[in-house]
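Student: So I've got this file, run37.cif, and it contains mmCIF, C-alpha atoms; chains and numbers go by the auth columns:
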data_model
loop_
_atom_site.group_PDB
_atom_site.id
_atom_site.type_symbol
_atom_site.label_atom_id
_atom_site.label_comp_id
_atom_site.label_asym_id
_atom_site.label_seq_id
_atom_site.Cartn_x
_atom_site.Cartn_y
_atom_site.Cartn_z
_atom_site.B_iso_or_equiv
_atom_site.auth_seq_id
_atom_site.auth_asym_id
ATOM 1 C CA MET A 1 22.452 43.841 1.752 0.00 351 A
ATOM 2 C CA GLU A 2 20.739 45.892 4.416 0.00 352 A
ATOM 3 C CA VAL A 3 22.479 49.207 5.169 0.00 353 A
ATOM 4 C CA THR A 4 23.024 48.480 8.870 0.00 354 A
ATOM 5 C CA LYS A 5 24.459 45.021 8.135 0.00 355 A
ATOM 6 C CA ALA A 6 26.783 46.352 5.432 0.00 356 A
ATOM 7 C CA LEU A 7 27.934 49.196 7.667 0.00 357 A
ATOM 8 C CA ALA A 8 28.587 46.836 10.587 0.00 358 A
ATOM 9 C CA ALA A 9 30.615 44.523 8.342 0.00 359 A
ATOM 10 C CA LEU A 10 32.606 47.325 6.696 0.00 360 A
ATOM 11 C CA GLN A 11 33.438 49.544 9.698 0.00 361 A
ATOM 12 C CA PRO A 12 36.166 47.248 11.119 0.00 362 A
ATOM 13 C CA LEU A 13 37.630 46.962 7.595 0.00 363 A
ATOM 14 C CA TYR A 14 37.882 50.736 7.036 0.00 364 A
ATOM 15 C CA GLY A 15 41.329 51.625 5.680 0.00 365 A
ATOM 16 C CA LYS A 16 42.366 47.993 5.286 0.00 366 A
ATOM 17 C CA GLY A 17 43.399 46.538 1.960 0.00 367 A
ATOM 18 C CA ASN A 18 42.589 43.221 0.347 0.00 368 A
ATOM 19 C CA ILE A 19 38.822 43.554 0.806 0.00 369 A
ATOM 20 C CA GLU A 20 36.513 42.241 -1.924 0.00 370 A
ATOM 21 C CA ILE A 21 32.915 43.334 -2.421 0.00 371 A
ATOM 22 C CA VAL A 22 30.556 41.329 -4.629 0.00 372 A
ATOM 23 C CA THR A 23 27.591 43.237 -6.071 0.00 373 A
ATOM 24 C CA ARG A 24 24.129 42.067 -7.031 0.00 374 A
ATOM 25 C CA ASP A 25 24.986 42.223 -10.754 0.00 375 A
ATOM 26 C CA GLY A 26 28.058 40.000 -10.294 0.00 376 A
ATOM 27 C CA HIS A 27 30.815 42.626 -10.294 0.00 377 A
ATOM 28 C CA ARG A 28 33.699 42.094 -7.892 0.00 378 A
ATOM 29 C CA VAL A 29 35.702 45.039 -6.584 0.00 379 A
ATOM 30 C CA ARG A 30 38.856 44.338 -4.570 0.00 380 A
ATOM 31 C CA GLY A 31 40.918 46.977 -2.811 0.00 381 A
ATOM 32 C CA ILE A 32 41.034 49.316 0.198 0.00 382 A
ATOM 33 C CA VAL A 33 37.882 50.646 1.901 0.00 383 A
ATOM 34 C CA ARG A 34 38.260 54.449 1.685 0.00 384 A
ATOM 35 C CA SER A 35 34.912 55.991 2.610 0.00 385 A
ATOM 36 C CA LEU A 36 31.596 55.010 4.183 0.00 386 A
ATOM 37 C CA LYS A 37 28.770 57.466 3.425 0.00 387 A
ATOM 38 C CA THR A 38 25.621 56.773 5.385 0.00 388 A
ATOM 39 C CA THR A 39 23.978 59.979 6.598 0.00 389 A
ATOM 40 C CA GLN A 40 24.274 62.431 3.707 0.00 390 A
ATOM 41 C CA ALA A 41 20.898 63.971 2.828 0.00 391 A
ATOM 42 C CA LEU A 42 19.537 62.985 -0.588 0.00 392 A
ATOM 43 C CA THR A 43 22.331 60.496 -1.288 0.00 393 A
ATOM 44 C CA THR A 44 22.387 56.733 -1.401 0.00 394 A
ATOM 45 C CA PRO A 45 24.435 55.112 1.391 0.00 395 A
ATOM 46 C CA ALA A 46 27.595 53.826 -0.289 0.00 396 A
ATOM 47 C CA VAL A 47 31.153 52.633 0.226 0.00 397 A
ATOM 48 C CA LYS A 48 34.153 53.766 -1.808 0.00 398 A
ATOM 49 C CA VAL A 49 36.856 51.209 -2.570 0.00 399 A
ATOM 50 C CA GLU A 50 40.250 52.116 -4.006 0.00 400 A
ATOM 51 C CA ARG A 51 41.439 49.431 -6.420 0.00 401 A
ATOM 52 C CA ALA A 52 45.087 48.461 -6.938 0.00 402 A
ATOM 53 C CA ASP A 53 45.231 50.595 -10.101 0.00 403 A
ATOM 54 C CA GLY A 54 44.245 53.694 -8.087 0.00 404 A
ATOM 55 C CA GLU A 55 40.679 53.940 -9.394 0.00 405 A
ATOM 56 C CA ILE A 56 38.038 54.637 -6.743 0.00 406 A
ATOM 57 C CA VAL A 57 34.779 52.721 -7.173 0.00 407 A
ATOM 58 C CA LYS A 58 31.579 53.814 -5.404 0.00 408 A
ATOM 59 C CA ILE A 59 29.280 50.914 -4.461 0.00 409 A
ATOM 60 C CA PRO A 60 25.785 51.530 -3.009 0.00 410 A
ATOM 61 C CA PHE A 61 25.073 49.414 0.079 0.00 411 A
ATOM 62 C CA SER A 62 21.843 48.206 -1.543 0.00 412 A
ATOM 63 C CA SER A 63 23.798 46.458 -4.326 0.00 413 A
ATOM 64 C CA ILE A 64 26.233 44.608 -2.000 0.00 414 A
ATOM 65 C CA VAL A 65 25.680 40.857 -1.849 0.00 415 A
ATOM 66 C CA GLU A 66 28.865 39.735 -0.092 0.00 416 A
ATOM 67 C CA ILE A 67 31.883 41.267 1.657 0.00 417 A
ATOM 68 C CA ILE A 68 35.042 39.138 1.679 0.00 418 A
ATOM 69 C CA ASN A 69 38.085 39.904 3.830 0.00 419 A
ATOM 70 C CA HIS A 70 41.135 38.314 2.160 0.00 420 A
ATOM 71 C CA ASN A 71 43.461 39.330 5.007 0.00 421 A
ATOM 72 C CA PRO A 72 44.857 36.525 7.185 0.00 422 A
ATOM 73 C CA PRO A 73 43.396 36.380 10.714 0.00 423 A
ATOM 74 C CA ALA A 74 45.458 38.258 13.281 0.00 424 A
#
Go ahead and render the structure in this file as structure tokens.

Tutor:
Amino acid sequence: MEVTKALAALQPLYGKGNIEIVTRDGHRVRGIVRSLKTTQALTTPAVKVERADGEIVKIPFSSIVEIINHNPPA
């Protein structure tokens, strides 16, 4: 997924739980969006997701295929 598209989709979900990210290699990570890194020099733009077991998973924007919000509409 393009960085600007991924960032636009993830910004309103920042800090919310029950978000699932599907990566290019088929992995699914579900949890709370904790960090969005986009402008750090010499780093790959990435999102950090905290899973239910407390583990934090870093996912590069370039490997994101789909972002699913499992929260009910408000």

Student: Report the residues retrieved by the PyMOL selection byres ((chain A and resi 390-406) around 10) from the displayed file, expressed as a PyMOL selection string.

Tutor: chain A and resi 353+356-357+360+364-365+367-371+379-389+407-414

Student: Next, write the just-selected residues to a file, as a PDB file, keeping the file's coordinate frame, keeping C-alpha atoms as the atom set.

Tutor:
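Output (again.pdb):
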ATOM      1  CA  VAL A 353      22.479  49.207   5.169  1.00  0.00           C
ATOM      2  CA  ALA A 356      26.783  46.352   5.432  1.00  0.00           C
ATOM      3  CA  LEU A 357      27.934  49.196   7.667  1.00  0.00           C
ATOM      4  CA  LEU A 360      32.606  47.325   6.696  1.00  0.00           C
ATOM      5  CA  TYR A 364      37.882  50.736   7.036  1.00  0.00           C
ATOM      6  CA  GLY A 365      41.329  51.625   5.680  1.00  0.00           C
ATOM      7  CA  GLY A 367      43.399  46.538   1.960  1.00  0.00           C
ATOM      8  CA  ASN A 368      42.589  43.221   0.347  1.00  0.00           C
ATOM      9  CA  ILE A 369      38.822  43.554   0.806  1.00  0.00           C
ATOM     10  CA  GLU A 370      36.513  42.241  -1.924  1.00  0.00           C
ATOM     11  CA  ILE A 371      32.915  43.334  -2.421  1.00  0.00           C
ATOM     12  CA  VAL A 379      35.702  45.039  -6.584  1.00  0.00           C
ATOM     13  CA  ARG A 380      38.856  44.338  -4.570  1.00  0.00           C
ATOM     14  CA  GLY A 381      40.918  46.977  -2.811  1.00  0.00           C
ATOM     15  CA  ILE A 382      41.034  49.316   0.198  1.00  0.00           C
ATOM     16  CA  VAL A 383      37.882  50.646   1.901  1.00  0.00           C
ATOM     17  CA  ARG A 384      38.260  54.449   1.685  1.00  0.00           C
ATOM     18  CA  SER A 385      34.912  55.991   2.610  1.00  0.00           C
ATOM     19  CA  LEU A 386      31.596  55.010   4.183  1.00  0.00           C
ATOM     20  CA  LYS A 387      28.770  57.466   3.425  1.00  0.00           C
ATOM     21  CA  THR A 388      25.621  56.773   5.385  1.00  0.00           C
ATOM     22  CA  THR A 389      23.978  59.979   6.598  1.00  0.00           C
ATOM     23  CA  VAL A 407      34.779  52.721  -7.173  1.00  0.00           C
ATOM     24  CA  LYS A 408      31.579  53.814  -5.404  1.00  0.00           C
ATOM     25  CA  ILE A 409      29.280  50.914  -4.461  1.00  0.00           C
ATOM     26  CA  PRO A 410      25.785  51.530  -3.009  1.00  0.00           C
ATOM     27  CA  PHE A 411      25.073  49.414   0.079  1.00  0.00           C
ATOM     28  CA  SER A 412      21.843  48.206  -1.543  1.00  0.00           C
ATOM     29  CA  SER A 413      23.798  46.458  -4.326  1.00  0.00           C
ATOM     30  CA  ILE A 414      26.233  44.608  -2.000  1.00  0.00           C
TER      31      ILE A 414
END

Student: So how many Å separate CA of Gly376 (chain A) and CA of Pro423 (chain A), to one decimal?

Tutor: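 Here the two named atoms are 26.3 Å from each other.
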
Student: Just give me the gap between CA of Arg374 (chain A) and CA of Asn419 (chain A) in Å, one decimal is fine.

Tutor: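 One can read the CA of Arg374 (chain A) to CA of Asn419 (chain A) distance as 17.8 Å.
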
Student: Give me the box for region 364-378 of chain A as JSON, namely the centre and edge lengths in Å to one decimal of a box along x, y and z that holds every listed atom plus 8 Å on each side.

Tutor:
{"center_x": 33.8, "center_y": 45.8, "center_z": -1.9, "size_x": 35.3, "size_y": 27.6, "size_z": 33.8}

Student: Just the number, please: distance in Å from CA of Asp375 (chain A) to CA of Lys355 (chain A), one decimal.

Tutor: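 For CA of Asp375 (chain A) relative to CA of Lys355 (chain A), the distance reads 19.1 Å.
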
Student: Go ahead and find all residues with at least one atom no further than 6 Å from (29.1, 42.6, -2.8) in the file's coordinates, using all atoms listed in the file; report them as a list of chain:residue names.

Tutor: A:Ile371, A:Val372, A:Thr373, A:Ile414, A:Val415, A:Glu416, A:Ile417

Student: Please, could you write that set of residues out with C-alpha atoms as a PDB file, keeping the file's coordinate frame?

Tutor:
ATOM      1  CA  ILE A 371      32.915  43.334  -2.421  1.00  0.00           C
ATOM      2  CA  VAL A 372      30.556  41.329  -4.629  1.00  0.00           C
ATOM      3  CA  THR A 373      27.591  43.237  -6.071  1.00  0.00           C
ATOM      4  CA  ILE A 414      26.233  44.608  -2.000  1.00  0.00           C
ATOM      5  CA  VAL A 415      25.680  40.857  -1.849  1.00  0.00           C
ATOM      6  CA  GLU A 416      28.865  39.735  -0.092  1.00  0.00           C
ATOM      7  CA  ILE A 417      31.883  41.267   1.657  1.00  0.00           C
TER       8      ILE A 417
END

Student: For region 410-421 of chain A, which lacks atoms in the input, supply all heavy atoms and format the output as a compact mmCIF listing (two decimals), in the coordinates of the input.

Tutor:
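Result written to out23.txt:
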# COMPACT_ATOMS: atom_id res chain seq x y z
N PRO A 410 26.91 51.33 -3.93
CA PRO A 410 25.78 51.53 -3.01
C PRO A 410 25.59 50.30 -2.12
O PRO A 410 25.74 49.17 -2.57
CB PRO A 410 24.58 51.72 -3.93
CG PRO A 410 25.13 51.95 -5.29
CD PRO A 410 26.49 51.35 -5.32
N PHE A 411 25.29 50.53 -0.85
CA PHE A 411 25.07 49.41 0.08
C PHE A 411 23.98 48.48 -0.42
O PHE A 411 24.06 47.27 -0.23
CB PHE A 411 24.68 49.93 1.46
CG PHE A 411 25.81 50.52 2.26
CD1 PHE A 411 25.55 51.26 3.38
CD2 PHE A 411 27.13 50.32 1.91
CE1 PHE A 411 26.57 51.81 4.14
CE2 PHE A 411 28.17 50.86 2.65
CZ PHE A 411 27.88 51.60 3.78
N SER A 412 22.96 49.03 -1.08
CA SER A 412 21.84 48.21 -1.54
C SER A 412 22.24 47.19 -2.61
O SER A 412 21.55 46.20 -2.81
CB SER A 412 20.72 49.10 -2.08
OG SER A 412 21.21 49.87 -3.16
N SER A 413 23.38 47.40 -3.29
CA SER A 413 23.80 46.46 -4.33
C SER A 413 24.82 45.44 -3.82
O SER A 413 25.22 44.55 -4.56
CB SER A 413 24.36 47.21 -5.54
OG SER A 413 25.60 47.79 -5.22
N ILE A 414 25.24 45.54 -2.54
CA ILE A 414 26.23 44.61 -2.00
C ILE A 414 25.57 43.29 -1.65
O ILE A 414 24.55 43.25 -0.96
CB ILE A 414 26.92 45.20 -0.75
CG1 ILE A 414 27.72 46.45 -1.12
CG2 ILE A 414 27.83 44.16 -0.09
CD1 ILE A 414 28.30 47.19 0.07
N VAL A 415 26.17 42.20 -2.15
CA VAL A 415 25.68 40.86 -1.85
C VAL A 415 26.59 40.19 -0.82
O VAL A 415 26.12 39.52 0.09
CB VAL A 415 25.63 39.99 -3.14
CG1 VAL A 415 25.27 38.56 -2.81
CG2 VAL A 415 24.66 40.58 -4.13
N GLU A 416 27.90 40.41 -0.97
CA GLU A 416 28.86 39.74 -0.09
C GLU A 416 30.08 40.63 0.11
O GLU A 416 30.50 41.34 -0.79
CB GLU A 416 29.29 38.42 -0.73
CG GLU A 416 30.17 37.56 0.12
CD GLU A 416 30.50 36.22 -0.54
OE1 GLU A 416 30.14 36.00 -1.72
OE2 GLU A 416 31.14 35.41 0.13
N ILE A 417 30.65 40.56 1.33
CA ILE A 417 31.88 41.27 1.66
C ILE A 417 32.89 40.21 2.09
O ILE A 417 32.62 39.45 3.03
CB ILE A 417 31.66 42.29 2.79
CG1 ILE A 417 30.62 43.33 2.34
CG2 ILE A 417 32.98 42.95 3.18
CD1 ILE A 417 30.08 44.18 3.48
N ILE A 418 34.03 40.16 1.40
CA ILE A 418 35.04 39.14 1.68
C ILE A 418 36.33 39.82 2.14
O ILE A 418 36.85 40.68 1.45
CB ILE A 418 35.33 38.29 0.42
CG1 ILE A 418 34.04 37.69 -0.12
CG2 ILE A 418 36.36 37.20 0.74
CD1 ILE A 418 34.16 37.13 -1.53
N ASN A 419 36.82 39.40 3.30
CA ASN A 419 38.08 39.90 3.83
C ASN A 419 39.16 38.88 3.49
O ASN A 419 39.17 37.77 4.02
CB ASN A 419 37.96 40.10 5.35
CG ASN A 419 39.23 40.67 5.96
OD1 ASN A 419 40.23 40.86 5.29
ND2 ASN A 419 39.16 40.94 7.25
N HIS A 420 40.09 39.23 2.59
CA HIS A 420 41.14 38.31 2.16
C HIS A 420 42.39 38.43 3.03
O HIS A 420 43.41 37.82 2.70
CB HIS A 420 41.50 38.57 0.69
CG HIS A 420 40.45 38.14 -0.27
ND1 HIS A 420 40.19 36.83 -0.58
CD2 HIS A 420 39.54 38.87 -0.98
CE1 HIS A 420 39.20 36.76 -1.45
NE2 HIS A 420 38.78 38.00 -1.70
N ASN A 421 42.32 39.20 4.11
CA ASN A 421 43.46 39.33 5.01
C ASN A 421 43.52 38.11 5.93
O ASN A 421 42.50 37.61 6.38
CB ASN A 421 43.33 40.61 5.85
CG ASN A 421 43.42 41.84 5.00
OD1 ASN A 421 44.41 42.05 4.33
ND2 ASN A 421 42.36 42.64 4.99
